Amino acid sequence: MTRERRLSWINGLLLPFLNVLTAFIATAIVFVLIGVDPIKATKILIYGALGYDEGLGYTLYYATNFVFTGLAVAVAFHAGLFNIGGEGQAYVGGLGTALVALYLNPALSAWVVIPLAISGGLLFGALWAIIPAYLQAYRGSHIVITTIMFNFLASALMVYVLVNVLREVGEMSPESGDFIKASWLPFVHDVFASFGYKIAKSPLNLSILVALFFSGLVWFFLWHTRWGYAIRAVGKSNDAAIYGGINPKKIIVITMCISGALAGLVGINELMGVQHRLFLNFNFGYGFGGIAVALMGRNHPVGILIAAFLFGILYQGGAELDFELQNVSRDIVVVMQGLVILFCGGLEYLYRPILIRFLAPIEATE
Amino acid sequence: MSDIFLSTVLTLDASVRVCVPLIFASMAGLFAERSGVVDIGLEGKLLMSAFIAASAAVVFGSPWIGLLAGIFASSVLAMVHGFASITYKGNQIVSGVAINILAAGLTMILSLAWFKKAGITPTLKNDQRFLSIDFPGLELMDHIPILGVIYRELISGHNILVYLAFAIVPMVWWVVYRTRFGLRLRAVGENPKAVDTAGLSVESLRYKALLIGGILCGIGGVYLSTAYNAQFVKDMTAGSGFIALAALIFGKWHPYKVLAACFLFAFLDAISIRLQGIIIPGIGEIPVQLIEATPYILTIILLAGFIGKAVPPKASAQPYIKEL
């Protein structure tokens with residue numbers, strides 16, 4: 001093996017694997033601290049998430065959200081931007097979806113309504129990202145700070161809209177009325193039933209196909225189009241990109257719009273797929289979860305699909321733990337998310353010095 | 001007239017109370033960012049400290065033990081942040097996000113394990129809390145018309161952490177602008193290479209800054225659960241750490257200006273509760289959400305350079321890598 005290949009193997013696979021492993025070991029320590037047998041907990045978690053078809057349905061349903069927000073964070077990362085605003089973009093994206101799905105003519109065909117409602121989510125998500133992007137590119141304000149602020153603005157806006165505008169007369173809870181039927185994405189169990197297969201009911205719906213479609217699209221876009229090349233060039237070296245005739249300011253705005261649009265798709269799964277109405281905090285936690293997913297998946301769509309599936313397992317398995325064990329709640333997933341972000345992100349170089357020392361004698365013999 | 005006066009004083013009084021965690025957290029952020037380490041994790045440190053302080057106070061029966069425990073918890077998180085971003089030169093923002101999420105999860109998990117309820121600690125009795133202190137001469141002052149009310153409501157009747165918060169700002173100013181450590185701190189945030197060339201350790205200075213930040217943030221968290229409230233409740237910081245971050249930017253990393261920003265944001269918070277449902281002639285009802293969102297909007301506008309310009313310390317968010 002040449003040195004280059006060995007290094008790429010270490011950076012691409014071995015280090016991420018060790019980092020994820022460390023995050024899991026740290027979680028096991030948390031389990032021990034609260035008096036739970038980590039092996040028993042893992043068994044319950046895995047059975048709950050994968051052991052029967054209803055559990056698997058839930059797992060894939062949660063994973064769908066993480067694919068969207070993971071892709072959103074990853075696209076921005078490729079341009080060297082840290083989009084912390086996935087939470088807000090997902091929230092406002094849901095508003096875009098809801099506006100289409102609430103007010104379009106109910107007589108229209110689903111083939112018209114569904115693409116329009118999806119576009120509504122994409123558009124509103126992108127719109128919520130465009131101001132921070134513009135401010136970063138043309139006014140020099142840091143995207144991390146502005147996107148954090150925009151998360152809070154999004155939740156203020158959505159409370160206002162739900163309480164004062166979309167809430168139906170006489171309703172107490174801040175939520176919209178039902179979406180028109182044509183906007184409902186079919187449940188996977190219904191689709192299977194129509195072909196004669198019977199599987200257990202779960203919230204899993206056809207958004208998962210949308211998620212797979214966009215994963216492929218992001219892969220194609222980033223590595224096989226001119227814009228994708230420009231985005232990666234800006235991320236690698238701003239100066240080199242300028243020298244190559246790329247306008248980084250324009251690229252920042254484009255990247256953030258794409259990132260926001262992808263985050264805006266969370267509403268497809270949650271609203272069009274499952275709840276069929278707009279309600280408070282439907283996006284809760286998925287935006288931040290996307291950061292963990294992107295870091296774990298090394299910002300590559302394939303990695304993101306795997307990481308999103310893993311987080312789906314954790315979400316669904318966590319719910320099962322909550323149900324089975326008395327002193328664990330599903331918030332253990334939040335702890336794991338934090339640990340994954342810490343060890344795969346903040347401490348991603350933790351093992352590098354050790355590995356380099358370990359490899360030095362091998363290289364010396366070559 | 002006296003009604004308006006009294007309600008103004010009471011609103012200011014409420015602002016003072018809301019302001020305290022913002023002051024501690026933003027001063028913590030000031031040390032970190034002045035040393036060149038961005039601290040997104042203020043929120044997580046506040047939350048963790050609030051939870052550990054309330055737990056320790058209820059178990060050991062003393063708010064002072066709660067104070068120490070809260071400071072310790074927050075400092076541990078600060079050191080984790082330092083370990084990732086100083087020693088291992090990781091992404092400081094990612095590390096800060098990790099701390100926020102970790103704190104949100106751990107407080108839920110630990111409260112369930114320790115007190116059998118997720119996201120809540122038992123209510124603290126009075127001797128387990130920091131209670132308000134009445135200043136001497138309240139009756140005497142009551143006879144003086146305007147000053148009496150101000151003295152009774154605004155100046156007297158807060159707990160010790162409130163007074164500490166306001167005392168700490170000039171101390172921070174003194175440390176940052178009048179001590180050798182402060183000079184080095186500012187230098188390391190602007191030009192770490194120069195500090196390194198002068199034979200000082202960039203890493204040790206940044207660790208010290210983060211530790212001070214951890215301690216300050218810890219006190220802010222302790223205030224939330226053992227003084228302002230009488231227990232820990234889920235997500236009780238409710239974005240204070242981020243508002244503090246906004247105040248830090250709005251105050252351009254200068255202690256007194258940051259204090260002013262904290263007070264402004266706290267005042268907006270206090271007034272939003274009072275303005276609920278009040279109709280202003282000619283404008284109509286102001287949505288509460290708009291007032292709540294004002295700190296964020298103001299910070300965005302400031303950051304964009306439309307009203308003045310907020311320029312962060314030059315070396316912030318960049319790990320220092322020594323050339324060999």
# chains A, B, ... in the order shown; residues from 1 in each chain; ligands from 1
call {"tool": "interface_residues", "arguments": {"of": "chain B", "to": "chain A", "cutoff": "6 Å", "atoms": "only C-alpha atoms", "output": "list of chain:residue names"}}
result
B:Ala84, B:Gly90, B:Asn91, B:Val94, B:Ser95, B:Ala98, B:Ile101, B:Leu102, B:Gly105, B:Leu106, B:Ala113, B:Gln289, B:Ala293, B:Tyr296, B:Leu303, B:Ala304
call {"tool": "residues_around", "arguments": {"residues": "Asp190 (chain A)", "least_positions_apart": "2", "cutoff": "12 Å", "atoms": "only C-alpha atoms", "output": "MDAnalysis selection string"}}
result
chainID A and resid 185:188 192:206
call {"tool": "residues_around", "arguments": {"residues": "Glu203 (chain B)", "least_positions_apart": "4", "cutoff": "8 Å", "atoms": "only C-alpha atoms", "output": "list in words"}}
result
Ile86, Thr87 and Tyr207 of chain B
call {"tool": "residues_around", "arguments": {"residues": "region 26-37 of chain B", "least_positions_apart": "6", "cutoff": "6 Å", "atoms": "only C-alpha atoms", "output": "list in words"}}
result
Leu185, Arg186, Val188, Gly189, Arg206, Ala209, Leu210, Gly213, Leu216, Cys217, Ala244, Leu248, Trp253, Ala315, Ser316 and Ala317 of chain B
call {"tool": "residues_around", "arguments": {"residues": "Pro38 (chain A)", "least_positions_apart": "5", "cutoff": "10 Å", "atoms": "only C-alpha atoms", "output": "list in words"}}
result
Ile25, Thr27, Ala28, Ile29, Val30, Phe31, Val32, Lys43 and Ile44 of chain A
call {"tool": "residues_around", "arguments": {"residues": "Phe213 (chain A)", "least_positions_apart": "4", "cutoff": "12 Å", "atoms": "only C-alpha atoms", "output": "PyMOL selection string"}}
result
chain A and resi 64+67-68+71+206-209+217-220+262+301+305
call {"tool": "select_by_dssp", "arguments": {"residues": "region 114-198 of chain B", "states": "helix (DSSP H, G or I)", "output": "PDB file with N, CA and C atoms, in the first residue's frame"}}
result
ATOM      1  N   TRP B 114     -31.916  10.015  39.162  1.00  0.00           N
ATOM      2  CA  TRP B 114     -31.716  10.430  40.551  1.00  0.00           C
ATOM      3  C   TRP B 114     -33.016  10.705  41.297  1.00  0.00           C
ATOM      4  N   PHE B 115     -33.979  11.318  40.610  1.00  0.00           N
ATOM      5  CA  PHE B 115     -35.188  11.750  41.310  1.00  0.00           C
ATOM      6  C   PHE B 115     -36.459  11.092  40.762  1.00  0.00           C
ATOM      7  N   ASN B 126     -36.870  26.737  51.443  1.00  0.00           N
ATOM      8  CA  ASN B 126     -36.256  28.064  51.518  1.00  0.00           C
ATOM      9  C   ASN B 126     -34.799  28.047  51.945  1.00  0.00           C
ATOM     10  N   ASP B 127     -34.444  27.103  52.885  1.00  0.00           N
ATOM     11  CA  ASP B 127     -33.054  27.116  53.344  1.00  0.00           C
ATOM     12  C   ASP B 127     -32.115  26.431  52.350  1.00  0.00           C
ATOM     13  N   GLN B 128     -32.676  25.921  51.251  1.00  0.00           N
ATOM     14  CA  GLN B 128     -31.834  25.330  50.202  1.00  0.00           C
ATOM     15  C   GLN B 128     -31.656  26.292  49.028  1.00  0.00           C
ATOM     16  N   LEU B 138     -35.557  50.178  55.207  1.00  0.00           N
ATOM     17  CA  LEU B 138     -36.647  50.183  54.230  1.00  0.00           C
ATOM     18  C   LEU B 138     -37.790  51.084  54.686  1.00  0.00           C
ATOM     19  N   GLU B 139     -38.170  50.953  55.991  1.00  0.00           N
ATOM     20  CA  GLU B 139     -39.292  51.743  56.518  1.00  0.00           C
ATOM     21  C   GLU B 139     -38.985  53.236  56.438  1.00  0.00           C
ATOM     22  N   LEU B 140     -37.748  53.532  56.799  1.00  0.00           N
ATOM     23  CA  LEU B 140     -37.325  54.926  56.790  1.00  0.00           C
ATOM     24  C   LEU B 140     -37.426  55.523  55.388  1.00  0.00           C
ATOM     25  N   MET B 141     -36.968  54.733  54.405  1.00  0.00           N
ATOM     26  CA  MET B 141     -36.944  55.214  53.032  1.00  0.00           C
ATOM     27  C   MET B 141     -38.344  55.334  52.451  1.00  0.00           C
ATOM     28  N   ASP B 142     -39.276  54.513  52.981  1.00  0.00           N
ATOM     29  CA  ASP B 142     -40.642  54.520  52.462  1.00  0.00           C
ATOM     30  C   ASP B 142     -41.279  55.903  52.518  1.00  0.00           C
ATOM     31  N   PRO B 145     -40.886  60.024  48.791  1.00  0.00           N
ATOM     32  CA  PRO B 145     -41.798  59.608  47.712  1.00  0.00           C
ATOM     33  C   PRO B 145     -41.171  58.690  46.651  1.00  0.00           C
ATOM     34  N   ILE B 146     -40.464  59.191  45.714  1.00  0.00           N
ATOM     35  CA  ILE B 146     -40.051  58.361  44.582  1.00  0.00           C
ATOM     36  C   ILE B 146     -38.913  57.411  44.955  1.00  0.00           C
ATOM     37  N   LEU B 147     -37.936  57.964  45.651  1.00  0.00           N
ATOM     38  CA  LEU B 147     -36.763  57.163  46.004  1.00  0.00           C
ATOM     39  C   LEU B 147     -37.118  55.947  46.853  1.00  0.00           C
ATOM     40  N   GLY B 148     -38.129  56.120  47.719  1.00  0.00           N
ATOM     41  CA  GLY B 148     -38.537  55.024  48.600  1.00  0.00           C
ATOM     42  C   GLY B 148     -38.921  53.791  47.815  1.00  0.00           C
ATOM     43  N   VAL B 149     -39.766  53.984  46.793  1.00  0.00           N
ATOM     44  CA  VAL B 149     -40.208  52.856  45.966  1.00  0.00           C
ATOM     45  C   VAL B 149     -39.020  52.239  45.230  1.00  0.00           C
ATOM     46  N   ILE B 150     -38.170  53.107  44.667  1.00  0.00           N
ATOM     47  CA  ILE B 150     -37.015  52.598  43.925  1.00  0.00           C
ATOM     48  C   ILE B 150     -36.111  51.793  44.854  1.00  0.00           C
ATOM     49  N   TYR B 151     -35.919  52.328  46.065  1.00  0.00           N
ATOM     50  CA  TYR B 151     -35.045  51.644  47.017  1.00  0.00           C
ATOM     51  C   TYR B 151     -35.629  50.292  47.388  1.00  0.00           C
ATOM     52  N   ARG B 152     -36.939  50.280  47.690  1.00  0.00           N
ATOM     53  CA  ARG B 152     -37.558  49.041  48.148  1.00  0.00           C
ATOM     54  C   ARG B 152     -37.626  47.998  47.021  1.00  0.00           C
ATOM     55  N   GLU B 153     -38.106  48.414  45.861  1.00  0.00           N
ATOM     56  CA  GLU B 153     -38.384  47.436  44.809  1.00  0.00           C
ATOM     57  C   GLU B 153     -37.160  47.124  43.949  1.00  0.00           C
ATOM     58  N   LEU B 154     -36.400  48.163  43.636  1.00  0.00           N
ATOM     59  CA  LEU B 154     -35.361  47.980  42.625  1.00  0.00           C
ATOM     60  C   LEU B 154     -34.006  47.655  43.238  1.00  0.00           C
ATOM     61  N   ILE B 155     -33.663  48.352  44.317  1.00  0.00           N
ATOM     62  CA  ILE B 155     -32.305  48.194  44.856  1.00  0.00           C
ATOM     63  C   ILE B 155     -32.260  47.099  45.916  1.00  0.00           C
ATOM     64  N   ILE B 160     -28.289  37.326  46.713  1.00  0.00           N
ATOM     65  CA  ILE B 160     -26.873  37.704  46.653  1.00  0.00           C
ATOM     66  C   ILE B 160     -26.275  37.556  45.252  1.00  0.00           C
ATOM     67  N   LEU B 161     -26.793  36.589  44.479  1.00  0.00           N
ATOM     68  CA  LEU B 161     -26.223  36.364  43.149  1.00  0.00           C
ATOM     69  C   LEU B 161     -26.518  37.535  42.204  1.00  0.00           C
ATOM     70  N   VAL B 162     -27.645  38.208  42.448  1.00  0.00           N
ATOM     71  CA  VAL B 162     -27.972  39.378  41.629  1.00  0.00           C
ATOM     72  C   VAL B 162     -26.925  40.471  41.846  1.00  0.00           C
ATOM     73  N   TYR B 163     -26.625  40.719  43.124  1.00  0.00           N
ATOM     74  CA  TYR B 163     -25.618  41.752  43.405  1.00  0.00           C
ATOM     75  C   TYR B 163     -24.258  41.337  42.864  1.00  0.00           C
ATOM     76  N   LEU B 164     -23.974  40.023  42.976  1.00  0.00           N
ATOM     77  CA  LEU B 164     -22.700  39.520  42.462  1.00  0.00           C
ATOM     78  C   LEU B 164     -22.598  39.769  40.958  1.00  0.00           C
ATOM     79  N   ALA B 165     -23.720  39.537  40.241  1.00  0.00           N
ATOM     80  CA  ALA B 165     -23.711  39.717  38.791  1.00  0.00           C
ATOM     81  C   ALA B 165     -23.316  41.145  38.423  1.00  0.00           C
ATOM     82  N   PHE B 166     -23.920  42.101  39.136  1.00  0.00           N
ATOM     83  CA  PHE B 166     -23.621  43.487  38.783  1.00  0.00           C
ATOM     84  C   PHE B 166     -22.229  43.908  39.249  1.00  0.00           C
ATOM     85  N   ALA B 167     -21.732  43.224  40.304  1.00  0.00           N
ATOM     86  CA  ALA B 167     -20.381  43.539  40.775  1.00  0.00           C
ATOM     87  C   ALA B 167     -19.323  42.930  39.859  1.00  0.00           C
ATOM     88  N   ILE B 168     -19.712  41.859  39.171  1.00  0.00           N
ATOM     89  CA  ILE B 168     -18.700  41.138  38.417  1.00  0.00           C
ATOM     90  C   ILE B 168     -18.301  41.877  37.139  1.00  0.00           C
ATOM     91  N   VAL B 169     -19.225  42.694  36.627  1.00  0.00           N
ATOM     92  CA  VAL B 169     -18.927  43.378  35.361  1.00  0.00           C
ATOM     93  C   VAL B 169     -17.712  44.310  35.469  1.00  0.00           C
ATOM     94  N   PRO B 170     -17.683  45.227  36.489  1.00  0.00           N
ATOM     95  CA  PRO B 170     -16.456  46.037  36.611  1.00  0.00           C
ATOM     96  C   PRO B 170     -15.218  45.195  36.881  1.00  0.00           C
ATOM     97  N   MET B 171     -15.410  44.054  37.594  1.00  0.00           N
ATOM     98  CA  MET B 171     -14.261  43.188  37.832  1.00  0.00           C
ATOM     99  C   MET B 171     -13.728  42.616  36.525  1.00  0.00           C
ATOM    100  N   VAL B 172     -14.673  42.193  35.673  1.00  0.00           N
ATOM    101  CA  VAL B 172     -14.263  41.665  34.371  1.00  0.00           C
ATOM    102  C   VAL B 172     -13.525  42.741  33.589  1.00  0.00           C
ATOM    103  N   TRP B 173     -14.098  43.958  33.611  1.00  0.00           N
ATOM    104  CA  TRP B 173     -13.452  45.067  32.902  1.00  0.00           C
ATOM    105  C   TRP B 173     -12.019  45.251  33.407  1.00  0.00           C
ATOM    106  N   TRP B 174     -11.872  45.224  34.739  1.00  0.00           N
ATOM    107  CA  TRP B 174     -10.559  45.446  35.344  1.00  0.00           C
ATOM    108  C   TRP B 174      -9.583  44.339  34.922  1.00  0.00           C
ATOM    109  N   VAL B 175     -10.069  43.102  34.977  1.00  0.00           N
ATOM    110  CA  VAL B 175      -9.180  41.985  34.615  1.00  0.00           C
ATOM    111  C   VAL B 175      -8.764  42.085  33.144  1.00  0.00           C
ATOM    112  N   VAL B 176      -9.756  42.401  32.280  1.00  0.00           N
ATOM    113  CA  VAL B 176      -9.460  42.385  30.848  1.00  0.00           C
ATOM    114  C   VAL B 176      -8.590  43.577  30.426  1.00  0.00           C
ATOM    115  N   TYR B 177      -8.818  44.747  31.047  1.00  0.00           N
ATOM    116  CA  TYR B 177      -8.124  45.942  30.564  1.00  0.00           C
ATOM    117  C   TYR B 177      -7.001  46.457  31.470  1.00  0.00           C
ATOM    118  N   ARG B 178      -6.930  45.936  32.701  1.00  0.00           N
ATOM    119  CA  ARG B 178      -5.955  46.530  33.613  1.00  0.00           C
ATOM    120  C   ARG B 178      -4.973  45.522  34.223  1.00  0.00           C
ATOM    121  N   ARG B 180      -2.129  42.114  33.710  1.00  0.00           N
ATOM    122  CA  ARG B 180      -1.227  41.482  32.759  1.00  0.00           C
ATOM    123  C   ARG B 180      -1.940  40.327  32.043  1.00  0.00           C
ATOM    124  N   PHE B 181      -2.710  39.554  32.845  1.00  0.00           N
ATOM    125  CA  PHE B 181      -3.455  38.442  32.259  1.00  0.00           C
ATOM    126  C   PHE B 181      -4.416  38.939  31.181  1.00  0.00           C
ATOM    127  N   GLY B 182      -5.076  40.069  31.473  1.00  0.00           N
ATOM    128  CA  GLY B 182      -6.041  40.622  30.526  1.00  0.00           C
ATOM    129  C   GLY B 182      -5.382  41.024  29.222  1.00  0.00           C
ATOM    130  N   LEU B 183      -4.220  41.625  29.336  1.00  0.00           N
ATOM    131  CA  LEU B 183      -3.483  42.044  28.143  1.00  0.00           C
ATOM    132  C   LEU B 183      -3.135  40.829  27.288  1.00  0.00           C
ATOM    133  N   ARG B 184      -2.654  39.796  27.973  1.00  0.00           N
ATOM    134  CA  ARG B 184      -2.281  38.578  27.246  1.00  0.00           C
ATOM    135  C   ARG B 184      -3.498  37.910  26.628  1.00  0.00           C
ATOM    136  N   LEU B 185      -4.603  37.953  27.401  1.00  0.00           N
ATOM    137  CA  LEU B 185      -5.851  37.374  26.912  1.00  0.00           C
ATOM    138  C   LEU B 185      -6.282  38.042  25.610  1.00  0.00           C
ATOM    139  N   ARG B 186      -6.262  39.373  25.609  1.00  0.00           N
ATOM    140  CA  ARG B 186      -6.687  40.087  24.404  1.00  0.00           C
ATOM    141  C   ARG B 186      -5.711  39.828  23.265  1.00  0.00           C
ATOM    142  N   ALA B 187      -4.438  39.734  23.604  1.00  0.00           N
ATOM    143  CA  ALA B 187      -3.438  39.488  22.573  1.00  0.00           C
ATOM    144  C   ALA B 187      -3.627  38.114  21.938  1.00  0.00           C
ATOM    145  N   VAL B 188      -3.931  37.135  22.774  1.00  0.00           N
ATOM    146  CA  VAL B 188      -4.036  35.773  22.251  1.00  0.00           C
ATOM    147  C   VAL B 188      -5.270  35.613  21.363  1.00  0.00           C
ATOM    148  N   GLY B 189      -6.275  36.464  21.587  1.00  0.00           N
ATOM    149  CA  GLY B 189      -7.455  36.411  20.739  1.00  0.00           C
ATOM    150  C   GLY B 189      -7.268  37.150  19.429  1.00  0.00           C
ATOM    151  N   GLU B 190      -6.344  38.101  19.423  1.00  0.00           N
ATOM    152  CA  GLU B 190      -6.109  38.876  18.204  1.00  0.00           C
ATOM    153  C   GLU B 190      -4.969  38.292  17.389  1.00  0.00           C
ATOM    154  N   PRO B 192      -2.406  35.209  18.160  1.00  0.00           N
ATOM    155  CA  PRO B 192      -1.787  34.183  19.011  1.00  0.00           C
ATOM    156  C   PRO B 192      -0.309  33.965  18.697  1.00  0.00           C
ATOM    157  N   LYS B 193       0.051  34.182  17.445  1.00  0.00           N
ATOM    158  CA  LYS B 193       1.427  33.948  17.052  1.00  0.00           C
ATOM    159  C   LYS B 193       2.376  34.887  17.805  1.00  0.00           C
ATOM    160  N   ALA B 194       1.946  36.144  17.943  1.00  0.00           N
ATOM    161  CA  ALA B 194       2.777  37.109  18.656  1.00  0.00           C
ATOM    162  C   ALA B 194       2.958  36.683  20.107  1.00  0.00           C
ATOM    163  N   VAL B 195       1.862  36.187  20.701  1.00  0.00           N
ATOM    164  CA  VAL B 195       1.927  35.741  22.095  1.00  0.00           C
ATOM    165  C   VAL B 195       2.878  34.558  22.216  1.00  0.00           C
ATOM    166  N   ASP B 196       2.785  33.663  21.253  1.00  0.00           N
ATOM    167  CA  ASP B 196       3.646  32.484  21.247  1.00  0.00           C
ATOM    168  C   ASP B 196       5.113  32.895  21.100  1.00  0.00           C
ATOM    169  N   THR B 197       5.351  33.841  20.209  1.00  0.00           N
ATOM    170  CA  THR B 197       6.717  34.315  19.983  1.00  0.00           C
ATOM    171  C   THR B 197       7.296  34.948  21.243  1.00  0.00           C
TER     172      THR B 197
END
call {"tool": "atom_distance", "arguments": {"atom1": "CA of Leu122 (chain A)", "atom2": "CA of Arg232 (chain A)"}}
result
21.9 Å
call {"tool": "atom_distance", "arguments": {"atom1": "CA of Val18 (chain B)", "atom2": "CA of Phe51 (chain B)"}}
result
18.0 Å
call {"tool": "residues_around", "arguments": {"residues": "region 309-324 of chain A", "least_positions_apart": "2", "cutoff": "6 Å", "atoms": "only C-alpha atoms", "output": "ChimeraX atom specification"}}
result
/A:45,48-49,59,62-63,306-307,328-330
call {"tool": "closest_residue", "arguments": {"among": "B:Ile52, B:Ile249, B:Leu264, B:Ile321", "to": "Val202 (chain B)", "atoms": "only C-alpha atoms"}}
result
B:Ile321
call {"tool": "closest_residue", "arguments": {"among": "B:Tyr320, B:Ile291, B:Leu112, B:Gly82", "to": "Arg274 (chain B)", "atoms": "only C-alpha atoms"}}
result
B:Ile291
call {"tool": "atom_distance", "arguments": {"atom1": "CA of Ala110 (chain A)", "atom2": "CA of Asn281 (chain A)"}}
result
26.4 Å
call {"tool": "decode", "arguments": {"residues": "region 225-248 of chain B", "atoms": "N, CA and C atoms", "output": "mmCIF file, in the first residue's frame"}}
result
data_model
loop_
_atom_site.group_PDB
_atom_site.id
_atom_site.type_symbol
_atom_site.label_atom_id
_atom_site.label_comp_id
_atom_site.auth_asym_id
_atom_site.auth_seq_id
_atom_site.Cartn_x
_atom_site.Cartn_y
_atom_site.Cartn_z
ATOM 1 N N SER B 225 -31.730 28.020 38.885
ATOM 2 C CA SER B 225 -32.477 26.945 39.546
ATOM 3 C C SER B 225 -32.573 27.120 41.057
ATOM 4 N N THR B 226 -31.661 27.874 41.685
ATOM 5 C CA THR B 226 -31.728 27.956 43.146
ATOM 6 C C THR B 226 -32.068 29.351 43.661
ATOM 7 N N ALA B 227 -32.149 30.328 42.781
ATOM 8 C CA ALA B 227 -32.470 31.670 43.251
ATOM 9 C C ALA B 227 -33.702 32.220 42.532
ATOM 10 N N TYR B 228 -33.640 32.250 41.201
ATOM 11 C CA TYR B 228 -34.756 32.773 40.408
ATOM 12 C C TYR B 228 -35.952 31.824 40.498
ATOM 13 N N ASN B 229 -35.653 30.532 40.410
ATOM 14 C CA ASN B 229 -36.680 29.501 40.599
ATOM 15 C C ASN B 229 -36.299 28.654 41.806
ATOM 16 N N ALA B 230 -37.162 27.724 42.161
ATOM 17 C CA ALA B 230 -36.858 26.886 43.319
ATOM 18 C C ALA B 230 -36.699 25.421 42.922
ATOM 19 N N GLN B 231 -36.351 25.179 41.679
ATOM 20 C CA GLN B 231 -36.092 23.818 41.226
ATOM 21 C C GLN B 231 -35.557 23.893 39.797
ATOM 22 N N PHE B 232 -35.074 22.742 39.318
ATOM 23 C CA PHE B 232 -34.706 22.662 37.909
ATOM 24 C C PHE B 232 -35.911 22.151 37.140
ATOM 25 N N VAL B 233 -36.204 22.773 36.006
ATOM 26 C CA VAL B 233 -37.189 22.191 35.098
ATOM 27 C C VAL B 233 -36.579 22.094 33.705
ATOM 28 N N LYS B 234 -37.072 21.130 32.965
ATOM 29 C CA LYS B 234 -36.605 20.856 31.612
ATOM 30 C C LYS B 234 -36.382 22.137 30.800
ATOM 31 N N ASP B 235 -35.224 22.232 30.166
ATOM 32 C CA ASP B 235 -34.924 23.336 29.257
ATOM 33 C C ASP B 235 -35.195 24.710 29.866
ATOM 34 N N MET B 236 -34.881 24.862 31.167
ATOM 35 C CA MET B 236 -35.260 26.097 31.849
ATOM 36 C C MET B 236 -34.443 27.304 31.373
ATOM 37 N N THR B 237 -33.321 27.071 30.710
ATOM 38 C CA THR B 237 -32.550 28.198 30.213
ATOM 39 C C THR B 237 -33.256 28.868 29.034
ATOM 40 N N ALA B 238 -34.041 28.088 28.286
ATOM 41 C CA ALA B 238 -34.879 28.611 27.205
ATOM 42 C C ALA B 238 -34.168 29.626 26.316
ATOM 43 N N GLY B 239 -32.956 29.306 25.923
ATOM 44 C CA GLY B 239 -32.258 30.184 24.980
ATOM 45 C C GLY B 239 -31.455 31.315 25.608
ATOM 46 N N SER B 240 -31.405 31.385 26.948
ATOM 47 C CA SER B 240 -30.629 32.463 27.602
ATOM 48 C C SER B 240 -29.185 32.487 27.126
ATOM 49 N N GLY B 241 -28.605 31.297 26.946
ATOM 50 C CA GLY B 241 -27.213 31.221 26.517
ATOM 51 C C GLY B 241 -27.019 31.868 25.155
ATOM 52 N N PHE B 242 -28.020 31.710 24.299
ATOM 53 C CA PHE B 242 -27.915 32.296 22.958
ATOM 54 C C PHE B 242 -28.179 33.796 22.995
ATOM 55 N N ILE B 243 -29.111 34.206 23.881
ATOM 56 C CA ILE B 243 -29.341 35.647 24.049
ATOM 57 C C ILE B 243 -28.066 36.292 24.582
ATOM 58 N N ALA B 244 -27.391 35.587 25.505
ATOM 59 C CA ALA B 244 -26.136 36.104 26.062
ATOM 60 C C ALA B 244 -25.100 36.255 24.952
ATOM 61 N N LEU B 245 -25.085 35.277 24.063
ATOM 62 C CA LEU B 245 -24.169 35.331 22.922
ATOM 63 C C LEU B 245 -24.497 36.547 22.053
ATOM 64 N N ALA B 246 -25.797 36.764 21.853
ATOM 65 C CA ALA B 246 -26.226 37.928 21.082
ATOM 66 C C ALA B 246 -25.805 39.210 21.783
ATOM 67 N N ALA B 247 -25.967 39.233 23.121
ATOM 68 C CA ALA B 247 -25.590 40.430 23.889
ATOM 69 C C ALA B 247 -24.088 40.677 23.790
ATOM 70 N N LEU B 248 -23.343 39.585 23.767
ATOM 71 C CA LEU B 248 -21.883 39.695 23.668
ATOM 72 C C LEU B 248 -21.487 40.369 22.356
#
